[in-house]
file my_file.cif (mmCIF, C-alpha atoms)
data_target
#
loop_
_atom_site.group_PDB
_atom_site.id
_atom_site.type_symbol
_atom_site.label_atom_id
_atom_site.label_comp_id
_atom_site.auth_asym_id
_atom_site.auth_seq_id
_atom_site.Cartn_x
_atom_site.Cartn_y
_atom_site.Cartn_z
ATOM 1 C CA MET W 366 44.149 95.886 122.889
ATOM 2 C CA LYS W 367 45.410 93.365 120.325
ATOM 3 C CA LYS W 368 45.796 96.123 117.708
ATOM 4 C CA LEU W 369 47.704 98.240 120.230
ATOM 5 C CA LEU W 370 50.130 95.388 120.952
ATOM 6 C CA ILE W 371 50.684 94.833 117.232
ATOM 7 C CA PHE W 372 51.329 98.567 116.789
ATOM 8 C CA VAL W 373 53.816 98.639 119.690
ATOM 9 C CA TYR W 374 55.561 95.520 118.342
ATOM 10 C CA CYS W 375 55.856 97.088 114.875
ATOM 11 C CA ILE W 376 57.329 100.276 116.310
ATOM 12 C CA PHE W 377 59.825 98.235 118.382
ATOM 13 C CA PHE W 378 60.801 96.092 115.370
ATOM 14 C CA PHE W 379 61.201 99.138 113.122
ATOM 15 C CA THR W 380 63.341 100.934 115.707
ATOM 16 C CA MET W 381 65.549 97.912 116.335
ATOM 17 C CA GLY W 382 65.903 97.224 112.635
ATOM 18 C CA ASN W 383 67.127 100.770 112.044
ATOM 19 C CA ALA W 384 69.560 100.910 114.954
ATOM 20 C CA PHE W 385 73.029 101.725 113.662
ATOM 21 C CA ALA W 386 75.596 99.062 114.499
ATOM 22 C CA VAL W 387 79.318 99.258 113.793
ATOM 23 C CA GLU W 388 82.168 96.799 113.988
ATOM 24 C CA ILE W 389 85.839 97.572 114.529
ATOM 25 C CA ALA W 390 87.534 96.169 111.426
ATOM 26 C CA TRP W 391 91.067 96.877 112.651
ATOM 27 C CA MET W 392 92.919 98.943 115.218
ATOM 28 C CA HIS W 393 96.426 99.762 116.323
ATOM 29 C CA VAL W 394 98.150 101.484 119.210
ATOM 30 C CA GLN W 395 101.587 102.618 118.105
ATOM 31 C CA ASN W 396 104.498 104.936 118.580
ATOM 32 C CA ARG W 397 105.346 107.078 115.542
ATOM 33 C CA GLU W 398 108.535 108.886 114.611
ATOM 34 C CA TYR W 399 108.808 111.283 111.659
ATOM 35 C CA GLY W 400 111.699 112.588 109.603
ATOM 36 C CA SER W 401 110.544 116.079 110.532
ATOM 37 C CA GLY W 402 111.370 115.337 114.177
ATOM 38 C CA LYS W 403 107.801 114.798 115.363
ATOM 39 C CA SER W 404 107.091 111.900 117.710
ATOM 40 C CA PHE W 405 103.833 110.804 119.329
ATOM 41 C CA ASN W 406 101.646 107.837 120.215
ATOM 42 C CA ARG W 407 98.720 107.157 117.919
ATOM 43 C CA LEU W 408 95.416 105.303 118.103
ATOM 44 C CA GLY W 409 94.054 104.276 114.706
ATOM 45 C CA PHE W 410 91.026 102.179 113.812
ATOM 46 C CA GLY W 411 88.583 101.446 111.004
ATOM 47 C CA LEU W 412 84.826 101.004 111.401
ATOM 48 C CA ILE W 413 82.484 99.018 109.163
ATOM 49 C CA ASP W 414 78.687 98.893 109.151
ATOM 50 C CA ASP W 415 76.417 95.846 109.127
ATOM 51 C CA ARG W 416 77.010 95.511 105.369
ATOM 52 C CA LYS W 417 80.784 95.291 105.983
ATOM 53 C CA GLN W 418 81.301 98.663 104.295
ATOM 54 C CA TYR W 419 83.674 101.263 105.718
ATOM 55 C CA LEU W 420 81.892 104.312 107.140
ATOM 56 C CA THR W 421 81.656 107.364 104.905
ATOM 57 C CA ASP W 422 81.433 109.868 107.778
ATOM 58 C CA ASN W 423 81.594 110.096 111.568
ATOM 59 C CA LYS W 424 78.113 111.497 112.196
ATOM 60 C CA LYS W 425 76.824 108.439 114.039
ATOM 61 C CA ILE W 426 79.792 108.015 116.361
ATOM 62 C CA LYS W 427 79.204 109.479 119.814
ATOM 63 C CA GLU W 428 82.213 108.495 121.885
ATOM 64 C CA VAL W 429 85.614 106.807 121.652
ATOM 65 C CA ASN W 430 87.375 105.493 124.762
ATOM 66 C CA LEU W 431 90.730 103.754 125.105
ATOM 67 C CA TYR W 432 91.874 101.896 128.226
ATOM 68 C CA ASN W 433 95.281 100.490 129.113
ATOM 69 C CA THR W 434 96.132 97.128 130.615
ATOM 70 C CA GLU W 435 95.226 98.443 134.092
ATOM 71 C CA LYS W 436 91.751 99.493 132.843
ATOM 72 C CA LYS W 437 92.719 103.151 133.165
ATOM 73 C CA GLU W 438 91.146 105.399 130.538
ATOM 74 C CA LEU W 439 93.779 107.204 128.479
ATOM 75 C CA LYS W 440 93.613 110.825 127.401
ATOM 76 C CA LEU W 441 93.054 111.276 123.674
ATOM 77 C CA SER W 442 93.171 114.272 121.360
ATOM 78 C CA ALA W 443 90.060 115.001 119.317
ATOM 79 C CA VAL W 444 89.221 111.931 117.236
ATOM 80 C CA LYS W 445 89.674 112.656 113.526
ATOM 81 C CA PHE W 446 87.857 110.990 110.625
ATOM 82 C CA ASP W 447 89.555 110.628 107.220
ATOM 83 C CA SER W 448 88.729 108.870 103.967
ATOM 84 C CA VAL W 449 90.425 108.409 100.621
ATOM 85 C CA GLU W 450 90.372 106.497 97.338
ATOM 86 C CA GLU W 451 93.290 104.057 97.205
ATOM 87 C CA ILE W 452 95.110 101.704 94.888
ATOM 88 C CA PHE W 453 97.438 98.996 96.158
ATOM 89 C CA GLY W 454 100.372 96.889 95.171
ATOM 90 C CA SER W 455 102.027 93.830 96.671
ATOM 91 C CA TYR W 456 105.376 92.106 96.301
ATOM 92 C CA ASP W 457 105.778 88.324 96.295
ATOM 93 C CA PHE W 458 109.241 88.009 97.823
ATOM 94 C CA LYS W 459 109.318 84.230 97.322
ATOM 95 C CA ASN W 460 108.951 84.560 93.552
ATOM 96 C CA SER W 461 110.251 88.147 93.105
ATOM 97 C CA GLN W 462 107.034 89.311 91.425
ATOM 98 C CA TRP W 463 105.098 92.559 91.594
ATOM 99 C CA TYR W 464 101.292 92.683 91.661
ATOM 100 C CA TYR W 465 99.048 95.726 91.360
ATOM 101 C CA SER W 466 95.349 96.409 91.757
ATOM 102 C CA LYS W 467 94.320 99.047 89.221
ATOM 103 C CA ALA W 468 90.841 99.793 90.597
ATOM 104 C CA TRP W 469 90.360 102.581 93.129
ATOM 105 C CA GLN W 470 88.960 101.443 96.474
ATOM 106 C CA PHE W 471 87.312 103.535 99.172
ATOM 107 C CA ASP W 472 88.865 103.454 102.626
ATOM 108 C CA SER W 473 88.168 105.372 105.819
ATOM 109 C CA TRP W 474 89.656 105.457 109.295
ATOM 110 C CA PHE W 475 89.608 107.231 112.644
ATOM 111 C CA SER W 476 92.667 108.450 114.512
ATOM 112 C CA ALA W 477 93.662 110.300 117.684
ATOM 113 C CA ASP W 478 96.883 111.101 119.466
ATOM 114 C CA ILE W 479 97.300 109.242 122.755
ATOM 115 C CA LEU W 480 98.316 111.886 125.276
ATOM 116 C CA ASP W 481 99.483 109.385 127.895
ATOM 117 C CA SER W 482 102.541 107.148 127.756
ATOM 118 C CA LEU W 483 102.316 103.599 126.419
ATOM 119 C CA THR W 484 103.421 100.599 128.435
ATOM 120 C CA PRO W 485 103.455 96.979 127.251
ATOM 121 C CA GLY W 486 100.125 95.234 127.709
ATOM 122 C CA MET W 487 96.629 94.843 126.325
ATOM 123 C CA TYR W 488 94.686 97.958 125.277
ATOM 124 C CA TRP W 489 90.903 98.069 125.073
ATOM 125 C CA LEU W 490 88.985 100.263 122.596
ATOM 126 C CA LYS W 491 85.291 101.129 123.024
ATOM 127 C CA VAL W 492 83.309 102.941 120.320
ATOM 128 C CA THR W 493 79.765 104.099 121.133
ATOM 129 C CA THR W 494 77.243 105.149 118.464
ATOM 130 C CA VAL W 495 74.664 107.895 118.896
ATOM 131 C CA ASP W 496 71.930 105.288 119.460
ATOM 132 C CA GLY W 497 73.885 103.528 122.198
ATOM 133 C CA LYS W 498 75.378 100.627 120.245
ATOM 134 C CA LEU W 499 78.827 99.526 121.396
ATOM 135 C CA ALA W 500 81.787 98.100 119.481
ATOM 136 C CA GLU W 501 84.844 96.810 121.339
ATOM 137 C CA GLN W 502 88.254 95.397 120.500
ATOM 138 C CA THR W 503 91.548 94.728 122.262
ATOM 139 C CA TYR W 504 95.058 95.216 120.958
ATOM 140 C CA ALA W 505 98.441 94.090 122.312
ATOM 141 C CA PHE W 506 101.195 96.691 122.601
ATOM 142 C CA ASN W 507 104.442 94.768 122.993
ATOM 143 C CA GLY W 508 106.749 97.732 123.587
ATOM 144 C CA ARG W 509 108.886 100.387 121.954
ATOM 145 C CA VAL W 510 111.433 99.547 119.268
ATOM 146 C CA GLU W 511 113.783 102.257 117.992
ATOM 147 C CA LEU W 512 113.417 101.977 114.219
ATOM 148 C CA PRO W 513 115.529 104.074 111.836
ATOM 149 C CA ILE W 514 113.977 106.680 109.545
ATOM 150 C CA ILE W 515 114.590 106.337 105.811
ATOM 151 C CA ASN W 516 116.320 109.458 104.483
ATOM 152 C CA SER W 517 114.291 110.920 101.612
ATOM 153 C CA ASN W 518 117.466 112.625 100.349
ATOM 154 C CA SER W 519 118.509 109.159 99.194
ATOM 155 C CA PHE W 520 115.425 108.737 96.971
ATOM 156 C CA GLN W 521 116.180 108.236 93.296
ATOM 157 C CA LEU W 522 113.366 108.235 90.719
ATOM 158 C CA ASN W 523 113.927 107.202 87.128
ATOM 159 C CA PRO W 524 111.814 105.781 84.310
ATOM 160 C CA ASP W 525 113.091 102.747 82.461
ATOM 161 C CA THR W 526 112.977 102.493 78.654
ATOM 162 C CA TYR W 527 109.313 101.440 78.842
ATOM 163 C CA GLY W 528 108.187 104.362 80.997
ATOM 164 C CA ASN W 529 107.890 102.359 84.221
ATOM 165 C CA LEU W 530 108.917 104.144 87.417
ATOM 166 C CA ILE W 531 111.931 102.818 89.338
ATOM 167 C CA TRP W 532 112.093 104.292 92.845
ATOM 168 C CA THR W 533 115.117 103.475 95.030
ATOM 169 C CA TRP W 534 116.400 104.534 98.470
ATOM 170 C CA ASN W 535 119.254 103.769 100.847
ATOM 171 C CA ILE W 536 118.761 101.104 103.510
ATOM 172 C CA PRO W 537 119.931 102.157 107.021
ATOM 173 C CA ILE W 538 122.668 99.875 108.313
ATOM 174 C CA GLU W 539 120.784 99.459 111.631
ATOM 175 C CA LEU W 540 118.171 97.296 109.913
ATOM 176 C CA GLY W 541 120.625 94.399 109.779
ATOM 177 C CA ARG W 542 121.019 94.349 113.551
ATOM 178 C CA LEU W 543 117.314 94.931 114.237
ATOM 179 C CA SER W 544 116.290 92.085 111.952
ATOM 180 C CA LEU W 545 117.934 89.615 114.339
ATOM 181 C CA ASN W 546 115.270 90.278 116.959
ATOM 182 C CA TYR W 547 112.283 91.946 115.272
ATOM 183 C CA LYS W 548 110.022 91.220 112.351
ATOM 184 C CA MET W 549 109.713 94.339 110.199
ATOM 185 C CA ARG W 550 108.357 95.555 106.910
ATOM 186 C CA ALA W 551 108.383 98.705 104.794
ATOM 187 C CA ARG W 552 105.639 100.572 102.987
ATOM 188 C CA ALA W 553 106.244 102.739 99.929
ATOM 189 C CA SER W 554 103.417 105.245 99.549
ATOM 190 C CA ILE W 555 102.424 108.099 97.281
ATOM 191 C CA GLU W 556 99.924 110.716 98.426
ATOM 192 C CA ILE W 557 98.120 112.252 95.457
ATOM 193 C CA PHE W 558 97.002 115.873 95.319
ATOM 194 C CA LYS W 559 94.905 117.775 92.788
ATOM 195 C CA ASP W 560 94.610 121.566 92.941
ATOM 196 C CA LYS W 561 96.208 121.400 96.429
ATOM 197 C CA LYS W 562 93.568 118.938 97.688
ATOM 198 C CA TYR W 563 94.359 115.424 98.899
ATOM 199 C CA VAL W 564 92.545 113.118 96.488
ATOM 200 C CA GLY W 565 94.171 109.677 96.504
ATOM 201 C CA TYR W 566 96.711 107.282 97.898
ATOM 202 C CA PHE W 567 98.966 104.548 96.548
ATOM 203 C CA SER W 568 100.861 102.059 98.702
ATOM 204 C CA ILE W 569 102.753 98.805 98.491
ATOM 205 C CA ILE W 570 104.129 96.728 101.380
ATOM 206 C CA LEU W 571 107.713 95.519 100.913
ATOM 207 C CA PRO W 572 110.420 93.603 102.751
ATOM 208 C CA ALA W 573 112.253 96.103 104.957
ATOM 209 C CA HIS W 574 115.591 95.458 103.218
ATOM 210 C CA LEU W 575 114.436 95.634 99.593
ATOM 211 C CA GLY W 576 115.315 99.294 98.972
ATOM 212 C CA TYR W 577 113.352 99.853 95.769
ATOM 213 C CA VAL W 578 109.920 99.635 94.177
ATOM 214 C CA PHE W 579 108.894 99.045 90.559
ATOM 215 C CA ILE W 580 105.719 100.865 89.494
ATOM 216 C CA PRO W 581 104.383 99.932 86.034
ATOM 217 C CA ARG W 582 103.681 102.737 83.593
ATOM 218 C CA ASP W 583 99.928 102.043 83.500
ATOM 219 C CA VAL W 584 99.719 102.261 87.306
ATOM 220 C CA ALA W 585 101.602 105.576 87.201
ATOM 221 C CA GLN W 586 99.168 106.819 84.558
ATOM 222 C CA ILE W 587 96.204 105.934 86.779
ATOM 223 C CA MET W 588 97.705 108.196 89.451
ATOM 224 C CA ASN W 589 98.400 110.898 86.851
ATOM 225 C CA GLN W 590 94.721 110.949 85.882
ATOM 226 C CA ASN W 591 93.793 111.968 89.422
ATOM 227 C CA GLY W 592 96.664 114.204 90.505
ATOM 228 C CA ASP W 593 99.042 117.003 89.637
ATOM 229 C CA ARG W 594 101.295 116.768 92.713
ATOM 230 C CA PHE W 595 102.699 113.712 94.473
ATOM 231 C CA GLU W 596 104.334 113.166 97.861
ATOM 232 C CA LEU W 597 106.440 110.011 98.160
ATOM 233 C CA LYS W 598 107.247 108.478 101.552
ATOM 234 C CA ILE W 599 108.758 105.315 102.991
ATOM 235 C CA SER W 600 107.622 104.022 106.355
ATOM 236 C CA LEU W 601 109.195 101.255 108.406
ATOM 237 C CA GLU W 602 107.198 99.347 110.984
ATOM 238 C CA THR W 603 107.414 96.333 113.240
ATOM 239 C CA ARG W 604 105.101 93.590 112.027
ATOM 240 C CA ASP W 605 102.953 93.939 115.151
ATOM 241 C CA LYS W 606 102.343 97.568 114.055
ATOM 242 C CA ASN W 607 103.415 98.835 117.488
ATOM 243 C CA ASN W 608 106.161 101.045 116.026
ATOM 244 C CA ARG W 609 106.380 103.035 112.816
ATOM 245 C CA THR W 610 108.708 105.632 111.293
ATOM 246 C CA TYR W 611 108.111 107.926 108.300
ATOM 247 C CA SER W 612 110.555 109.585 105.961
ATOM 248 C CA LYS W 613 110.154 113.220 105.023
ATOM 249 C CA PRO W 614 108.052 113.513 101.855
ATOM 250 C CA TYR W 615 109.757 113.691 98.472
ATOM 251 C CA ILE W 616 107.599 116.043 96.392
ATOM 252 C CA ILE W 617 107.027 115.719 92.641
ATOM 253 C CA SER W 618 105.129 118.512 90.897
ATOM 254 C CA GLU W 619 105.015 116.862 87.475
ATOM 255 C CA LYS W 620 103.497 113.748 85.965
ATOM 256 C CA LEU W 621 104.789 110.302 86.910
ATOM 257 C CA PRO W 622 107.344 109.035 86.160
ATOM 258 C CA PRO W 623 109.470 112.218 86.461
ATOM 259 C CA VAL W 624 111.756 113.140 83.606
ATOM 260 C CA SER W 625 114.905 112.343 85.575
ATOM 261 C CA GLY W 626 116.132 111.451 89.070
ATOM 262 C CA ARG W 627 117.646 113.831 91.591
#
call {"tool": "encode", "arguments": {"input": "my_file.cif", "output": "C-alpha cells"}}
result
Amino acid sequence: MKKLLIFVYCIFFFTMGNAFAVEIAWMHVQNREYGSGKSFNRLGFGLIDDRKQYLTDNKKIKEVNLYNTEKKELKLSAVKFDSVEEIFGSYDFKNSQWYYSKAWQFDSWFSADILDSLTPGMYWLKVTTVDGKLAEQTYAFNGRVELPIINSNSFQLNPDTYGNLIWTWNIPIELGRLSLNYKMRARASIEIFKDKKYVGYFSIILPAHLGYVFIPRDVAQIMNQNGDRFELKISLETRDKNNRTYSKPYIISEKLPPVSGR
C-alpha cells in the first residue's frame, strides 16, 4: 500500500510539474485605421512561459475569450499567431540622442479582430491552455480618438555623407490641436522581406511631432544582411494604445540606404 501511494504521488508530481502554464505579458484593445482605408478593432497580446520566454507556437493554447465591461463575451475572428526577429531603437528626447540595439531579438504575439463595437470601460482577457491552465488580464479602453494618418507620399529617404539613412515625413497639422488633450507617440518601422518572405522587423518609438528618424549605417547594414525588400511605415497612437493609425507602406527594393530620395 505504501509503495502504491508513493507511485501515485510520483505520477501526480510529474504531471503537475509538466503542466504548461502561460502568463499574459501584455495586451491591448484598440481601434486601428489604415492609409489603405481599412478600419477595425483589434485584440493583441503576448504570452510568456514559466521561464519568461515568449511562446514559439500556439499549439498549447486551447481557447481565447474577451469580455467587455458588462462581462459580455465579444465575438472574435480566428486568433492568429505571429513571430519575428526584431531590432529596436529609441530616442532620448530630453538629450536629443539616438540609441540602437544591434542584436536580433525573438518576439511573438497573438491577435484577432474584435467583431463587436468597443465602448469605454475595462476589458477582460482569458487564455486557456490545452491542459486547463488559465491566464487572465484586464485592460482599460478609454475611448476613440480620431488620429490622423501620416501620408507616405511625404516620405523622403536620403543617405548623409557617412551612409546613414535620414528618413523624413510631413507632420499633419491636426497633431497640434490633438496634443492639447491627448498624449501621443509615433513609431517608425521597417518590415524586412527576403525572397518575398517576411523575415524581420525594425522599429523605433518617437515623439509624435518629430517628423524624422536617423538610422546609422551599421544598423541599416544589419537589415541589409537579412533582407532584399523593405516596407517603411509610420504609425501614430495614443499613449494608452487604445487608438492607432498606419501609413501606407513605402516600398524599397534595394539595399538601405537607397541611392536617392523620391
call {"tool": "resolve_selection", "arguments": {"input": "my_file.cif", "expression": "the PyMOL selection byres ((chain W and resi 447-455) around 8)", "output": "list in words"}}
result
Thr421, Lys445, Phe446, Tyr456, Asp457, Trp463, Tyr464, Tyr465, Ser466, Lys467, Ala468, Trp469, Gln470, Phe471, Asp472, Ser473, Trp474, Phe475, Val564, Gly565, Tyr566, Phe567, Ser568, Ile569, Ile570 and Leu571 of chain W
call {"tool": "residues_around", "arguments": {"input": "my_file.cif", "residues": "Leu540 (chain W)", "least_positions_apart": "5", "cutoff": "9 Å", "atoms": "all atoms listed in the file", "output": "VMD selection string"}}
result
chain W and resid 512 to 513 545 549 573 to 574
call {"tool": "atom_distance", "arguments": {"input": "my_file.cif", "atom1": "CA of Asp481 (chain W)", "atom2": "CA of Gly508 (chain W)"}}
result
14.4 Å
call {"tool": "resolve_selection", "arguments": {"input": "my_file.cif", "expression": "the PyMOL selection byres ((chain W and resi 523) around 12)", "output": "MDAnalysis selection string"}}
result
chainID W and resid 520:522 524:534 577:580 582 621:627
call {"tool": "residues_around", "arguments": {"input": "my_file.cif", "residues": "Gln395 (chain W)", "least_positions_apart": "2", "cutoff": "7 Å", "atoms": "all atoms listed in the file", "output": "MDAnalysis selection string"}}
result
chainID W and resid 393 397 406:408 606:608
call {"tool": "resolve_selection", "arguments": {"input": "my_file.cif", "expression": "the PyMOL selection byres ((chain W and resi 488-500) around 12)", "output": "compact mmCIF listing (two decimals) with C-alpha atoms, in the frame of the given file"}}
result
# COMPACT_ATOMS: atom_id res chain seq x y z
CA THR W 380 63.34 100.93 115.71
CA MET W 381 65.55 97.91 116.34
CA ASN W 383 67.13 100.77 112.04
CA ALA W 384 69.56 100.91 114.95
CA PHE W 385 73.03 101.72 113.66
CA ALA W 386 75.60 99.06 114.50
CA VAL W 387 79.32 99.26 113.79
CA GLU W 388 82.17 96.80 113.99
CA ILE W 389 85.84 97.57 114.53
CA ALA W 390 87.53 96.17 111.43
CA TRP W 391 91.07 96.88 112.65
CA MET W 392 92.92 98.94 115.22
CA HIS W 393 96.43 99.76 116.32
CA VAL W 394 98.15 101.48 119.21
CA GLN W 395 101.59 102.62 118.10
CA LEU W 408 95.42 105.30 118.10
CA GLY W 409 94.05 104.28 114.71
CA PHE W 410 91.03 102.18 113.81
CA GLY W 411 88.58 101.45 111.00
CA LEU W 412 84.83 101.00 111.40
CA ILE W 413 82.48 99.02 109.16
CA ASP W 414 78.69 98.89 109.15
CA ASP W 415 76.42 95.85 109.13
CA ASN W 423 81.59 110.10 111.57
CA LYS W 424 78.11 111.50 112.20
CA LYS W 425 76.82 108.44 114.04
CA ILE W 426 79.79 108.02 116.36
CA LYS W 427 79.20 109.48 119.81
CA GLU W 428 82.21 108.50 121.88
CA VAL W 429 85.61 106.81 121.65
CA ASN W 430 87.38 105.49 124.76
CA LEU W 431 90.73 103.75 125.10
CA TYR W 432 91.87 101.90 128.23
CA ASN W 433 95.28 100.49 129.11
CA THR W 434 96.13 97.13 130.62
CA GLU W 435 95.23 98.44 134.09
CA LYS W 436 91.75 99.49 132.84
CA LYS W 437 92.72 103.15 133.16
CA GLU W 438 91.15 105.40 130.54
CA LEU W 439 93.78 107.20 128.48
CA LEU W 441 93.05 111.28 123.67
CA VAL W 444 89.22 111.93 117.24
CA PHE W 475 89.61 107.23 112.64
CA ILE W 479 97.30 109.24 122.76
CA LEU W 483 102.32 103.60 126.42
CA THR W 484 103.42 100.60 128.44
CA PRO W 485 103.46 96.98 127.25
CA GLY W 486 100.12 95.23 127.71
CA MET W 487 96.63 94.84 126.32
CA GLU W 501 84.84 96.81 121.34
CA GLN W 502 88.25 95.40 120.50
CA THR W 503 91.55 94.73 122.26
CA TYR W 504 95.06 95.22 120.96
CA ALA W 505 98.44 94.09 122.31
CA PHE W 506 101.20 96.69 122.60
CA ASN W 507 104.44 94.77 122.99
CA ASN W 607 103.42 98.84 117.49
call {"tool": "closest_residue", "arguments": {"input": "my_file.cif", "among": "W:Tyr611, W:Phe595, W:Tyr419, W:Phe458", "to": "Ser404 (chain W)", "atoms": "all atoms listed in the file"}}
result
W:Tyr611
call {"tool": "atom_distance", "arguments": {"input": "my_file.cif", "atom1": "CA of Glu511 (chain W)", "atom2": "CA of Ile555 (chain W)"}}
result
24.3 Å
call {"tool": "atom_distance", "arguments": {"input": "my_file.cif", "atom1": "CA of Ser476 (chain W)", "atom2": "CA of Ile587 (chain W)"}}
result
28.1 Å
call {"tool": "residues_around", "arguments": {"input": "my_file.cif", "residues": "Gln590 (chain W)", "least_positions_apart": "5", "cutoff": "10 Å", "atoms": "all atoms listed in the file", "output": "mmCIF file with C-alpha atoms, in the coordinates of the input"}}
result
data_model
loop_
_atom_site.group_PDB
_atom_site.id
_atom_site.type_symbol
_atom_site.label_atom_id
_atom_site.label_comp_id
_atom_site.auth_asym_id
_atom_site.auth_seq_id
_atom_site.Cartn_x
_atom_site.Cartn_y
_atom_site.Cartn_z
ATOM 1 C CA LYS W 559 94.905 117.775 92.788
ATOM 2 C CA ALA W 585 101.602 105.576 87.201
ATOM 3 C CA LYS W 620 103.497 113.748 85.965
#
call {"tool": "residues_around", "arguments": {"input": "my_file.cif", "residues": "Leu597 (chain W)", "least_positions_apart": "6", "cutoff": "6 Å", "atoms": "all atoms listed in the file", "output": "tab-separated table (two decimals) with C-alpha atoms, keeping the file's coordinate frame"}}
result
chain	number	residue	atom	x	y	z
W	554	SER	CA	103.42	105.24	99.55
W	555	ILE	CA	102.42	108.10	97.28
W	614	PRO	CA	108.05	113.51	101.86
W	615	TYR	CA	109.76	113.69	98.47
call {"tool": "decode", "arguments": {"input": "my_file.cif", "residues": "region 512-519 of chain W", "atoms": "all heavy atoms", "output": "mmCIF file, in the first residue's frame"}}
result
data_model
loop_
_atom_site.group_PDB
_atom_site.id
_atom_site.type_symbol
_atom_site.label_atom_id
_atom_site.label_comp_id
_atom_site.auth_asym_id
_atom_site.auth_seq_id
_atom_site.Cartn_x
_atom_site.Cartn_y
_atom_site.Cartn_z
ATOM 1 N N LEU W 512 -7.253 59.972 -34.796
ATOM 2 C CA LEU W 512 -5.877 60.359 -35.109
ATOM 3 C C LEU W 512 -5.684 60.486 -36.616
ATOM 4 O O LEU W 512 -6.285 59.737 -37.391
ATOM 5 C CB LEU W 512 -4.904 59.305 -34.573
ATOM 6 C CG LEU W 512 -4.822 59.116 -33.057
ATOM 7 C CD1 LEU W 512 -3.866 57.976 -32.737
ATOM 8 C CD2 LEU W 512 -4.381 60.401 -32.378
ATOM 9 N N PRO W 513 -4.833 61.409 -37.058
ATOM 10 C CA PRO W 513 -4.537 61.499 -38.491
ATOM 11 C C PRO W 513 -3.666 60.331 -38.943
ATOM 12 O O PRO W 513 -3.075 59.629 -38.122
ATOM 13 C CB PRO W 513 -3.790 62.820 -38.621
ATOM 14 C CG PRO W 513 -3.150 63.018 -37.283
ATOM 15 C CD PRO W 513 -4.110 62.428 -36.282
ATOM 16 N N ILE W 514 -3.604 60.141 -40.253
ATOM 17 C CA ILE W 514 -2.753 59.112 -40.850
ATOM 18 C C ILE W 514 -1.614 59.806 -41.589
ATOM 19 O O ILE W 514 -1.845 60.703 -42.410
ATOM 20 C CB ILE W 514 -3.556 58.225 -41.815
ATOM 21 C CG1 ILE W 514 -4.649 57.467 -41.052
ATOM 22 C CG2 ILE W 514 -2.639 57.249 -42.563
ATOM 23 C CD1 ILE W 514 -5.600 56.693 -41.947
ATOM 24 N N ILE W 515 -0.393 59.433 -41.263
ATOM 25 C CA ILE W 515 0.769 60.020 -41.949
ATOM 26 C C ILE W 515 0.737 59.609 -43.422
ATOM 27 O O ILE W 515 0.543 58.435 -43.755
ATOM 28 C CB ILE W 515 2.081 59.542 -41.297
ATOM 29 C CG1 ILE W 515 2.142 59.954 -39.822
ATOM 30 C CG2 ILE W 515 3.283 60.081 -42.063
ATOM 31 C CD1 ILE W 515 2.201 61.426 -39.576
ATOM 32 N N ASN W 516 0.940 60.565 -44.302
ATOM 33 C CA ASN W 516 0.914 60.319 -45.742
ATOM 34 C C ASN W 516 2.283 59.822 -46.201
ATOM 35 O O ASN W 516 3.275 60.553 -46.133
ATOM 36 C CB ASN W 516 0.538 61.617 -46.468
ATOM 37 C CG ASN W 516 0.327 61.401 -47.949
ATOM 38 O OD1 ASN W 516 0.651 60.355 -48.507
ATOM 39 N ND2 ASN W 516 -0.231 62.410 -48.603
ATOM 40 N N SER W 517 2.342 58.585 -46.674
ATOM 41 C CA SER W 517 3.629 58.023 -47.103
ATOM 42 C C SER W 517 4.163 58.713 -48.363
ATOM 43 O O SER W 517 5.352 58.575 -48.681
ATOM 44 C CB SER W 517 3.505 56.517 -47.336
ATOM 45 O OG SER W 517 2.550 56.225 -48.337
ATOM 46 N N ASN W 518 3.314 59.464 -49.071
ATOM 47 C CA ASN W 518 3.815 60.228 -50.215
ATOM 48 C C ASN W 518 4.759 61.341 -49.775
ATOM 49 O O ASN W 518 5.501 61.896 -50.586
ATOM 50 C CB ASN W 518 2.649 60.832 -50.999
ATOM 51 C CG ASN W 518 1.872 59.787 -51.771
ATOM 52 O OD1 ASN W 518 2.421 58.761 -52.163
ATOM 53 N ND2 ASN W 518 0.584 60.035 -51.975
ATOM 54 N N SER W 519 4.722 61.676 -48.488
ATOM 55 C CA SER W 519 5.614 62.717 -47.979
ATOM 56 C C SER W 519 6.960 62.159 -47.520
ATOM 57 O O SER W 519 7.849 62.928 -47.151
ATOM 58 C CB SER W 519 4.938 63.456 -46.818
ATOM 59 O OG SER W 519 4.882 62.645 -45.654
#
